[in-house]
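Data from start.pdb: PDB, C-alpha atoms, pLDDT in the B column
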```
ATOM      1  CA  MET S   1      -5.806  45.328 -85.824  1.00 81.00           C
ATOM      2  CA  ALA S   2      -3.075  44.377 -83.415  1.00 93.00           C
ATOM      3  CA  GLN S   3      -0.684  41.463 -83.656  1.00 96.00           C
ATOM      4  CA  TYR S   4      -2.259  38.308 -82.153  1.00 97.00           C
ATOM      5  CA  ASP S   5      -5.794  39.691 -82.453  1.00 97.00           C
ATOM      6  CA  VAL S   6      -8.265  36.888 -83.153  1.00 98.00           C
ATOM      7  CA  HIS S   7     -11.149  37.590 -85.524  1.00 97.00           C
ATOM      8  CA  ARG S   8     -14.089  35.522 -86.615  1.00 96.00           C
ATOM      9  CA  ASN S   9     -13.434  34.101 -90.059  1.00 94.00           C
ATOM     10  CA  ARG S  10     -15.843  35.442 -92.669  1.00 92.00           C
ATOM     11  CA  GLY S  11     -14.185  33.529 -95.514  1.00 82.00           C
ATOM     12  CA  ARG S  12     -15.057  30.271 -97.242  1.00 81.00           C
ATOM     13  CA  SER S  13     -13.260  28.125 -94.657  1.00 79.00           C
ATOM     14  CA  VAL S  14     -15.349  29.371 -91.729  1.00 77.00           C
ATOM     15  CA  GLY S  15     -16.978  25.959 -91.208  1.00 82.00           C
ATOM     16  CA  ASN S  16     -13.841  24.227 -89.991  1.00 86.00           C
ATOM     17  CA  ARG S  17     -11.665  27.258 -89.241  1.00 91.00           C
ATOM     18  CA  PRO S  18     -13.878  29.667 -87.294  1.00 94.00           C
ATOM     19  CA  TYR S  19     -11.113  32.047 -86.232  1.00 96.00           C
ATOM     20  CA  LEU S  20      -8.082  33.751 -87.744  1.00 97.00           C
ATOM     21  CA  VAL S  21      -5.219  35.115 -85.653  1.00 98.00           C
ATOM     22  CA  VAL S  22      -3.284  38.073 -87.071  1.00 98.00           C
ATOM     23  CA  VAL S  23       0.447  37.313 -86.854  1.00 97.00           C
ATOM     24  CA  GLN S  24       2.021  40.091 -88.903  1.00 95.00           C
ATOM     25  CA  SER S  25       3.959  42.848 -87.229  1.00 90.00           C
ATOM     26  CA  GLY S  26       2.671  46.383 -86.974  1.00 87.00           C
ATOM     27  CA  LEU S  27       5.234  47.333 -89.619  1.00 86.00           C
ATOM     28  CA  LEU S  28       2.727  46.187 -92.271  1.00 85.00           C
ATOM     29  CA  HIS S  29      -0.342  47.951 -90.816  1.00 84.00           C
ATOM     30  CA  ARG S  30      -0.982  50.097 -93.924  1.00 88.00           C
ATOM     31  CA  TRP S  31      -1.440  47.035 -96.130  1.00 88.00           C
ATOM     32  CA  ASN S  32      -5.119  46.174 -96.759  1.00 92.00           C
ATOM     33  CA  ARG S  33      -4.375  42.492 -96.168  1.00 94.00           C
ATOM     34  CA  ARG S  34      -3.305  40.625 -93.030  1.00 96.00           C
ATOM     35  CA  VAL S  35      -0.965  37.675 -92.519  1.00 97.00           C
ATOM     36  CA  VAL S  36      -3.035  35.211 -90.506  1.00 97.00           C
ATOM     37  CA  VAL S  37      -3.011  31.709 -89.117  1.00 98.00           C
ATOM     38  CA  PRO S  38      -6.308  29.815 -88.906  1.00 96.00           C
ATOM     39  CA  LEU S  39      -7.579  28.285 -85.689  1.00 96.00           C
ATOM     40  CA  ALA S  40      -9.606  25.075 -85.842  1.00 92.00           C
ATOM     41  CA  ARG S  41     -11.827  23.309 -83.306  1.00 86.00           C
ATOM     42  CA  THR S  42     -10.438  19.849 -83.974  1.00 77.00           C
ATOM     43  CA  ASP S  43      -8.549  16.911 -82.594  1.00 69.00           C
ATOM     44  CA  ALA S  44      -7.600  15.887 -86.139  1.00 66.00           C
ATOM     45  CA  TYR S  45      -4.122  17.372 -85.926  1.00 63.00           C
ATOM     46  CA  GLU S  46      -1.541  15.588 -83.861  1.00 66.00           C
ATOM     47  CA  PRO S  47       0.748  18.222 -82.459  1.00 60.00           C
ATOM     48  CA  ALA S  48       3.996  17.762 -84.358  1.00 65.00           C
ATOM     49  CA  LEU S  49       6.961  19.491 -82.756  1.00 63.00           C
ATOM     50  CA  ASP S  50       4.615  22.100 -81.267  1.00 85.00           C
ATOM     51  CA  LEU S  51       3.453  23.037 -84.763  1.00 88.00           C
ATOM     52  CA  ASN S  52      -0.218  22.972 -83.728  1.00 90.00           C
ATOM     53  CA  PRO S  53      -0.526  24.113 -80.104  1.00 92.00           C
ATOM     54  CA  TRP S  54      -3.880  24.430 -78.387  1.00 91.00           C
ATOM     55  CA  VAL S  55      -5.184  27.926 -77.611  1.00 94.00           C
ATOM     56  CA  THR S  56      -8.461  29.031 -76.083  1.00 94.00           C
ATOM     57  CA  VAL S  57     -10.622  31.616 -77.856  1.00 95.00           C
ATOM     58  CA  ALA S  58     -13.995  32.749 -76.522  1.00 90.00           C
ATOM     59  CA  GLY S  59     -14.275  29.507 -74.547  1.00 92.00           C
ATOM     60  CA  ASP S  60     -13.434  27.366 -77.607  1.00 90.00           C
ATOM     61  CA  ARG S  61     -10.387  25.109 -77.487  1.00 92.00           C
ATOM     62  CA  CYS S  62      -8.702  25.439 -80.874  1.00 93.00           C
ATOM     63  CA  ARG S  63      -5.558  24.281 -82.627  1.00 93.00           C
ATOM     64  CA  LEU S  64      -3.260  26.848 -84.209  1.00 95.00           C
ATOM     65  CA  LEU S  65      -2.672  25.641 -87.772  1.00 94.00           C
ATOM     66  CA  ALA S  66       0.717  27.297 -88.286  1.00 95.00           C
ATOM     67  CA  HIS S  67       1.359  25.310 -91.475  1.00 92.00           C
ATOM     68  CA  GLU S  68      -1.680  27.025 -93.054  1.00 94.00           C
ATOM     69  CA  ILE S  69      -0.295  30.551 -92.667  1.00 96.00           C
ATOM     70  CA  GLY S  70      -1.507  32.890 -95.378  1.00 95.00           C
ATOM     71  CA  ASN S  71      -2.756  36.346 -96.053  1.00 94.00           C
ATOM     72  CA  VAL S  72      -6.299  37.527 -96.468  1.00 93.00           C
ATOM     73  CA  PRO S  73      -8.034  40.794 -97.296  1.00 93.00           C
ATOM     74  CA  THR S  74      -9.093  42.666 -94.178  1.00 93.00           C
ATOM     75  CA  SER S  75     -12.704  42.201 -95.346  1.00 90.00           C
ATOM     76  CA  VAL S  76     -12.439  38.503 -94.409  1.00 88.00           C
ATOM     77  CA  LEU S  77     -11.748  39.403 -90.793  1.00 94.00           C
ATOM     78  CA  GLY S  78     -14.944  39.515 -88.820  1.00 96.00           C
ATOM     79  CA  GLU S  79     -15.594  40.540 -85.253  1.00 97.00           C
ATOM     80  CA  LEU S  80     -12.604  40.847 -82.918  1.00 97.00           C
ATOM     81  CA  VAL S  81     -13.093  38.152 -80.259  1.00 97.00           C
ATOM     82  CA  ALA S  82      -9.775  37.873 -78.420  1.00 97.00           C
ATOM     83  CA  ASN S  83      -6.086  38.635 -78.358  1.00 98.00           C
ATOM     84  CA  LEU S  84      -3.541  35.847 -77.924  1.00 98.00           C
ATOM     85  CA  ASP S  85      -0.591  37.987 -76.852  1.00 97.00           C
ATOM     86  CA  ALA S  86      -0.235  35.766 -73.763  1.00 97.00           C
ATOM     87  CA  ASP S  87       0.297  32.807 -76.158  1.00 97.00           C
ATOM     88  CA  SER S  88       2.673  34.707 -78.455  1.00 97.00           C
ATOM     89  CA  ASP S  89       5.771  32.669 -77.526  1.00 97.00           C
ATOM     90  CA  ARG S  90       4.036  29.432 -78.558  1.00 96.00           C
ATOM     91  CA  ILE S  91       2.658  31.040 -81.732  1.00 97.00           C
ATOM     92  CA  VAL S  92       6.079  32.339 -82.769  1.00 97.00           C
ATOM     93  CA  ALA S  93       7.672  28.969 -81.941  1.00 95.00           C
ATOM     94  CA  ALA S  94       5.146  27.244 -84.233  1.00 95.00           C
ATOM     95  CA  LEU S  95       5.824  29.734 -87.025  1.00 96.00           C
ATOM     96  CA  ASP S  96       9.569  29.259 -86.542  1.00 93.00           C
ATOM     97  CA  LEU S  97       9.054  25.549 -87.267  1.00 90.00           C
ATOM     98  CA  VAL S  98       7.216  26.404 -90.488  1.00 90.00           C
ATOM     99  CA  LEU S  99      10.048  28.665 -91.623  1.00 89.00           C
ATOM    100  CA  SER S 100      12.983  26.664 -90.249  1.00 84.00           C
ATOM    101  CA  ARG S 101      15.813  25.562 -92.494  1.00 77.00           C
ATOM    102  CA  GLY S 102      16.642  22.805 -90.015  1.00 76.00           C
ATOM    103  CA  PHE S 103      14.380  20.176 -91.591  1.00 73.00           C
ATOM    104  CA  PRO S 104      15.440  19.720 -95.240  1.00 73.00           C
ATOM    105  CA  VAL S 105      13.241  17.616 -97.490  1.00 73.00           C
ATOM    106  CA  ALA S 106      14.998  14.361 -98.318  1.00 66.00           C
TER     107      ALA S 106
END
```
Give the structure from the file, written as structure tokens.
Amino acid sequence: MAQYDVHRNRGRSVGNRPYLVVVQSGLLHRWNRRVVVPLARTDAYEPALDLNPWVTVAGDRCRLLAHEIGNVPTSVLGELVANLDADSDRIVAALDLVLSRGFPVA
């Protein structure tokens, strides 16, 4: 499983999050879990500071839900359907916003 590979979601959230994109580095490849970000076919999320950019997977226009980053067992990852390496700058920028110390909670 390469970084930015997109797999079908075989977990409980498959209904509204059909895909998961692997974002972890290859450094963690021996771990039997993967750090992923869900992709959703929805207009419900207003893109906030590029937190939820659009990407296209298997002809589906989906939002990257960077704020829902998590880790899942590899068994939840279904069929490999795409790789978003070409979108990696936007994915990393979204994750940088999630992890930024520049927006303290008031």
Next item on the list: Just say which residues the PyMOL selection byres ((chain S and resi 20) around 6) picks in this file, as a ChimeraX atom specification.
Entry: /S:6-7,9,19,21,36-39
If I wrap all listed atoms of region 68-81 of chain S in a box with edges along x, y and z and add 6 Å on each side, what are its centre and edge lengths in Å to one decimal, as JSON?
```
{"center_x": -7.9, "center_y": 34.8, "center_z": -88.8, "size_x": 27.3, "size_y": 27.6, "size_z": 29.0}
```
Margin query: Evaluate the PyMOL selection byres ((chain S and resi 58) around 8) against this structure - the residues, as a PyMOL selection string, please.
Written below: chain S and resi 56-57+59-60+81-82
Next item on the list: Apply the PyMOL selection byres ((chain S and resi 83-99) around 10) to the displayed file and report the matching residues as number ranges by chain.
Entry: S: 2-7, 21-23, 37, 48-57, 64-69, 80-82, 100-103
Check: In Å to one decimal, how far is CA of Gly26 (chain S) from CA of Gly11 (chain S)?
Finding: 22.9 Å
Next item on the list: Name the residues in contact with Ala40 (chain S) at a cut-off of 7 Å, using all atoms listed in the file, excluding same-chain residues fewer than 3 positions from it; report them as a PyMOL selection string.
Entry: chain S and resi 16-18+62-64
Notebook entry, point to check: Quick one, how far is CA of Arg61 (chain S) from CA of Arg10 (chain S)?
Noted result: 19.2 Å
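Closest approach to Met1 (chain S) among S:Thr42, S:Gly15, S:Leu28, S:Pro104: S:Leu28, based on only C-alpha atoms.
The interatomic distance for the pair CA of Arg34 (chain S) and CA of Pro73 (chain S) works out to 6.4 Å.
For the set S:Glu79, S:Val105, S:Val72, S:Arg30, the residue with the smallest atom-to-atom gap to Arg8 (chain S) is S:Glu79, counting only C-alpha atoms.
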How would region 64-99 of chain S read, as an mmCIF file, in the frame of the given file, once N, CA and C atoms are built in?
```cif
data_model
loop_
_atom_site.group_PDB
_atom_site.id
_atom_site.type_symbol
_atom_site.label_atom_id
_atom_site.label_comp_id
_atom_site.auth_asym_id
_atom_site.auth_seq_id
_atom_site.Cartn_x
_atom_site.Cartn_y
_atom_site.Cartn_z
ATOM 1 N N LEU S 64 -3.897 25.901 -83.309
ATOM 2 C CA LEU S 64 -3.260 26.848 -84.209
ATOM 3 C C LEU S 64 -2.717 26.045 -85.384
ATOM 4 N N LEU S 65 -3.110 26.375 -86.585
ATOM 5 C CA LEU S 65 -2.672 25.641 -87.772
ATOM 6 C C LEU S 65 -1.564 26.427 -88.458
ATOM 7 N N ALA S 66 -0.400 26.470 -87.809
ATOM 8 C CA ALA S 66 0.717 27.297 -88.286
ATOM 9 C C ALA S 66 1.114 26.974 -89.721
ATOM 10 N N HIS S 67 0.990 25.727 -90.119
ATOM 11 C CA HIS S 67 1.359 25.310 -91.475
ATOM 12 C C HIS S 67 0.394 25.842 -92.537
ATOM 13 N N GLU S 68 -0.721 26.450 -92.110
ATOM 14 C CA GLU S 68 -1.680 27.025 -93.054
ATOM 15 C C GLU S 68 -1.614 28.549 -93.081
ATOM 16 N N ILE S 69 -0.477 29.099 -92.661
ATOM 17 C CA ILE S 69 -0.295 30.551 -92.667
ATOM 18 C C ILE S 69 -0.589 31.102 -94.059
ATOM 19 N N GLY S 70 -1.194 32.261 -94.101
ATOM 20 C CA GLY S 70 -1.507 32.890 -95.378
ATOM 21 C C GLY S 70 -1.844 34.344 -95.170
ATOM 22 N N ASN S 71 -2.300 34.966 -96.213
ATOM 23 C CA ASN S 71 -2.756 36.346 -96.053
ATOM 24 C C ASN S 71 -4.130 36.485 -96.669
ATOM 25 N N VAL S 72 -4.910 37.341 -96.048
ATOM 26 C CA VAL S 72 -6.299 37.527 -96.468
ATOM 27 C C VAL S 72 -6.605 39.020 -96.520
ATOM 28 N N PRO S 73 -7.595 39.399 -97.328
ATOM 29 C CA PRO S 73 -8.034 40.794 -97.296
ATOM 30 C C PRO S 73 -8.656 41.091 -95.929
ATOM 31 N N THR S 74 -8.520 42.312 -95.479
ATOM 32 C CA THR S 74 -9.093 42.666 -94.178
ATOM 33 C C THR S 74 -10.596 42.443 -94.145
ATOM 34 N N SER S 75 -11.251 42.422 -95.296
ATOM 35 C CA SER S 75 -12.704 42.201 -95.346
ATOM 36 C C SER S 75 -13.096 40.804 -94.866
ATOM 37 N N VAL S 76 -12.162 39.862 -94.867
ATOM 38 C CA VAL S 76 -12.439 38.503 -94.409
ATOM 39 C C VAL S 76 -12.441 38.430 -92.880
ATOM 40 N N LEU S 77 -11.832 39.406 -92.247
ATOM 41 C CA LEU S 77 -11.748 39.403 -90.793
ATOM 42 C C LEU S 77 -13.027 39.963 -90.198
ATOM 43 N N GLY S 78 -13.700 39.110 -89.464
ATOM 44 C CA GLY S 78 -14.944 39.515 -88.820
ATOM 45 C C GLY S 78 -14.683 40.148 -87.462
ATOM 46 N N GLU S 79 -15.627 39.971 -86.596
ATOM 47 C CA GLU S 79 -15.594 40.540 -85.253
ATOM 48 C C GLU S 79 -14.314 40.153 -84.501
ATOM 49 N N LEU S 80 -13.739 41.108 -83.800
ATOM 50 C CA LEU S 80 -12.604 40.847 -82.918
ATOM 51 C C LEU S 80 -13.134 40.125 -81.686
ATOM 52 N N VAL S 81 -12.585 38.938 -81.388
ATOM 53 C CA VAL S 81 -13.093 38.152 -80.259
ATOM 54 C C VAL S 81 -12.081 37.931 -79.149
ATOM 55 N N ALA S 82 -10.790 38.125 -79.443
ATOM 56 C CA ALA S 82 -9.775 37.873 -78.420
ATOM 57 C C ALA S 82 -8.440 38.410 -78.897
ATOM 58 N N ASN S 83 -7.465 38.367 -78.015
ATOM 59 C CA ASN S 83 -6.086 38.635 -78.358
ATOM 60 C C ASN S 83 -5.248 37.554 -77.680
ATOM 61 N N LEU S 84 -4.346 36.949 -78.436
ATOM 62 C CA LEU S 84 -3.541 35.847 -77.924
ATOM 63 C C LEU S 84 -2.112 36.266 -77.596
ATOM 64 N N ASP S 85 -1.925 37.514 -77.208
ATOM 65 C CA ASP S 85 -0.591 37.987 -76.852
ATOM 66 C C ASP S 85 0.037 37.106 -75.764
ATOM 67 N N ALA S 86 -0.758 36.629 -74.830
ATOM 68 C CA ALA S 86 -0.235 35.766 -73.763
ATOM 69 C C ALA S 86 0.295 34.443 -74.313
ATOM 70 N N ASP S 87 -0.156 34.043 -75.510
ATOM 71 C CA ASP S 87 0.297 32.807 -76.158
ATOM 72 C C ASP S 87 1.328 33.083 -77.248
ATOM 73 N N SER S 88 1.820 34.315 -77.330
ATOM 74 C CA SER S 88 2.673 34.707 -78.455
ATOM 75 C C SER S 88 3.958 33.885 -78.559
ATOM 76 N N ASP S 89 4.551 33.476 -77.445
ATOM 77 C CA ASP S 89 5.771 32.669 -77.526
ATOM 78 C C ASP S 89 5.504 31.338 -78.220
ATOM 79 N N ARG S 90 4.363 30.715 -77.912
ATOM 80 C CA ARG S 90 4.036 29.432 -78.558
ATOM 81 C C ARG S 90 3.668 29.635 -80.028
ATOM 82 N N ILE S 91 3.020 30.747 -80.340
ATOM 83 C CA ILE S 91 2.658 31.040 -81.732
ATOM 84 C C ILE S 91 3.923 31.268 -82.559
ATOM 85 N N VAL S 92 4.826 32.072 -82.050
ATOM 86 C CA VAL S 92 6.079 32.339 -82.769
ATOM 87 C C VAL S 92 6.909 31.065 -82.898
ATOM 88 N N ALA S 93 6.936 30.237 -81.869
ATOM 89 C CA ALA S 93 7.672 28.969 -81.941
ATOM 90 C C ALA S 93 7.103 28.078 -83.049
ATOM 91 N N ALA S 94 5.780 28.040 -83.166
ATOM 92 C CA ALA S 94 5.146 27.244 -84.233
ATOM 93 C C ALA S 94 5.507 27.804 -85.605
ATOM 94 N N LEU S 95 5.465 29.119 -85.740
ATOM 95 C CA LEU S 95 5.824 29.734 -87.025
ATOM 96 C C LEU S 95 7.302 29.536 -87.340
ATOM 97 N N ASP S 96 8.149 29.542 -86.325
ATOM 98 C CA ASP S 96 9.569 29.259 -86.542
ATOM 99 C C ASP S 96 9.765 27.865 -87.137
ATOM 100 N N LEU S 97 8.958 26.899 -86.702
ATOM 101 C CA LEU S 97 9.054 25.549 -87.267
ATOM 102 C C LEU S 97 8.657 25.539 -88.739
ATOM 103 N N VAL S 98 7.652 26.326 -89.090
ATOM 104 C CA VAL S 98 7.216 26.404 -90.488
ATOM 105 C C VAL S 98 8.331 26.979 -91.361
ATOM 106 N N LEU S 99 9.043 27.951 -90.831
ATOM 107 C CA LEU S 99 10.048 28.665 -91.623
ATOM 108 C C LEU S 99 11.466 28.145 -91.437
#
```
